[in-house]
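Okay, so here's the structure we're looking at.
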Amino acid sequence: AAPACNVPVSRYALERWEADPYEVMVFRREPFAAQQQALLETLEKASRNGLANLSVSNVNVGAEMQRPMRELWTAQANAALPWMVVKYPRKTKIELPAWAGPMSAETVQALLESPVRQDIAQRMLRGDSVVWLLLESGDQRHDDQTAQLLQAELRKLEQSLVLPEPSPLDPPTNTNLPLKIVFSTVRVARSNPAERMLVNMLLNWNTSLVAEKEVMLFPIFGRGRVVPPATGEEIQPEAIREMAEFLTGPCSCEVKEMNPGYDLLLSADWKSLGDYQ
């Protein structure tokens with residue numbers, strides 16, 4: 001049994017839950033051209049240096065492949081080599097790819113970072129409790145109404161919620177990062193080309209989400225851990241409050257895999273938080 005821990009879930013996750021790596025498979029048949037080799041090395045460097053939570057596999061489709069890799073390759077439609085397939089972290093057991101497409105300078109850059117994901121990472125690093133991502137439906141009036149409801153409820157919760165009382169049994173936390181309840185929001189249009197990787201990561205793990213056109217609300221905490229969304233009419237003050245209470249409440253279960261959600265692929269300097277493992 002885990003000892004009692006009154007460190008808020010969001011702070012415990014930020015300081016102690018390393019982000020699970022996405023699996024990036026780069027399929028090829030011929031040796032890489034110089035520019036393609038440079039792109040592969042960019043991905044490998046990001047993985048090796050801990051700049052982004054990903055692992056990279058260089059796969060020759062002309063050589064013998066193990067069955068899972070062969071099945072993944074044969075499932076690709078109209079694949080132009082070199083071809084990238086990005087899979088969710090293995091611990092999620094999500095079989096559907098997060099993204100698949102040709103390897104190019106544009107796609108590699110888009111995979112490693114985007115304006116919204118950079119913004120989310122910076123908010124986490126400054127100590128925001130939760131970043132609430134509103135994935136727009138495209139109906140501006142409805143999206144604006146939902147955003148107003150969210151903002152109003154979060155401002156109330158910032159004033160009414162109280163952090164758990166510290167316990168002598170609590171593990172140490174980063175004293176340079178004030179422990180406070182701060183909520184922030186970001187809005188993402190599904191059609192935003194700069195955020196296509198992010199939108200895919202949010203939706204592609206569940207085919208019903210891909211087909212859903214309603215506005216969606218994704219709470220994000222820790223090192224980019226995203227909770228399955230509330231959609232449409234589910235986005236109500238009660239649901240927002242319940243999730244906010246959970247994420248700012250005591251971390252009663254310290255095992256990451258027993259908490260909801262999965263990690264986004266982010267480029268961030270989490271080491272700057274210090275070593276609190």
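Quick note on naming: the chains in the structure tokens go A, B, ... in the order shown, residues restart at 1 in each chain, and ligands are numbered from 1 in order of appearance.
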
| task | Would you list the contacts of segment 220-222 of chain A as a ChimeraX atom specification, taking every protein, DNA or RNA residue within 12 Å and counting only C-alpha atoms, but skipping same-chain residues closer than 5 positions in sequence? | result | /A:8-20,117,120-134,182-186,202,227-229,243-244,246-248,256,259-264,266,268,270,273

Discussion item. Show me, as a ChimeraX atom specification, the residues that have an atom within 12 Å of segment 93-101 of chain A when counting only C-alpha atoms, minus same-chain residues fewer than 3 positions from it.
Written reply: /A:20,22-27,68,71-73,75-90,104,106-108,110-111,196-207,210,257,261-265

- Using DSSP on the backbone, list every residue of segment 33-262 of chain A that comes out as alpha helix (DSSP H), and give them as JSON, numbers by chain. {"A": [34, 35, 36, 37, 38, 39, 40, 41, 42, 43, 44, 45, 46, 47, 48, 67, 68, 69, 70, 71, 72, 73, 74, 105, 106, 107, 108, 109, 110, 111, 112, 115, 116, 117, 118, 119, 120, 121, 122, 123, 124, 125, 140, 141, 142, 143, 144, 145, 146, 147, 148, 149, 150, 151, 152, 153, 154, 155, 156, 157, 158, 159, 160, 196, 197, 198, 199, 200, 201, 202, 203, 207, 208, 209, 210, 211, 237, 238, 239, 240, 241, 242, 243, 244, 245, 246, 247, 248]}

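Taking atom CA of Asp269 of chain A and atom CA of Lys91 of chain A as the two end points, the separation is 22.3 Å.
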
* Using only C-alpha atoms, which of the listed residues (A:Asn6, A:Ser47, A:Thr42, A:Thr231) sits closest to Leu169 of chain A? ->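 Closest residue, counting only C-alpha atoms: A:Asn6.
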
Any idea what's packed within 10 Å of Glu153 of chain A, counting only C-alpha atoms, ignoring anything in its chain fewer than 6 positions away? Could you give it as a PyMOL selection string?
chain A and resi 147+236-238+240-241

I need the chosen residues saved as a short mmCIF file (atom, residue, chain, number, x, y, z; two decimals), in the first residue's frame, with N, CA, C and O atoms.
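The new file again.cif reads:
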data_model
loop_
_atom_site.label_atom_id
_atom_site.label_comp_id
_atom_site.auth_asym_id
_atom_site.auth_seq_id
_atom_site.Cartn_x
_atom_site.Cartn_y
_atom_site.Cartn_z
N ALA A 147 -16.49 28.37 -24.13
CA ALA A 147 -15.29 28.99 -23.57
C ALA A 147 -15.65 29.94 -22.43
O ALA A 147 -14.95 29.99 -21.41
N GLN A 236 -20.14 20.85 -18.48
CA GLN A 236 -20.98 21.56 -17.52
C GLN A 236 -20.16 21.90 -16.29
O GLN A 236 -19.13 21.27 -16.02
N PRO A 237 -20.60 22.91 -15.50
CA PRO A 237 -19.84 23.28 -14.30
C PRO A 237 -19.55 22.10 -13.38
O PRO A 237 -18.45 22.02 -12.81
N GLU A 238 -20.51 21.18 -13.23
CA GLU A 238 -20.30 20.06 -12.31
C GLU A 238 -19.13 19.19 -12.77
O GLU A 238 -18.30 18.76 -11.96
N ILE A 240 -16.62 20.06 -14.75
CA ILE A 240 -15.37 20.83 -14.63
C ILE A 240 -14.91 20.83 -13.19
O ILE A 240 -13.73 20.62 -12.89
N ARG A 241 -15.85 21.04 -12.27
CA ARG A 241 -15.49 21.09 -10.86
C ARG A 241 -14.96 19.75 -10.36
O ARG A 241 -13.96 19.69 -9.64
#

Apply DSSP to the structure's backbone, then extract all residues of segment 50-124 of chain A labelled strand (DSSP E) and return them as a ChimeraX atom specification.
-> /A:54-60,83-87,97-102

For Leu179 of chain A, which of A:Gly62, A:Pro31, A:Pro164, A:Gly138 is the closest residue, counting only C-alpha atoms?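 Closest to Leu179 of chain A of all the choices is A:Pro164.
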
Atom pair atom CA of Gly224 of chain A / atom CA of Pro21 of chain A: separation (Å):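 Pair atom CA of Gly224 of chain A / atom CA of Pro21 of chain A returns 11.7 Å.
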
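Among the candidate residues A:Lys156, A:Arg225, A:Arg48, A:Arg190, the one lying nearest to Lys213 of chain A is A:Arg190, with distances computed using only C-alpha atoms.
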
Check: What does the distance between atom CA of Met216 of chain A and atom CA of Leu135 of chain A come to in Å, to one decimal place?
Finding: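 Interatomic distance here is 5.1 Å.
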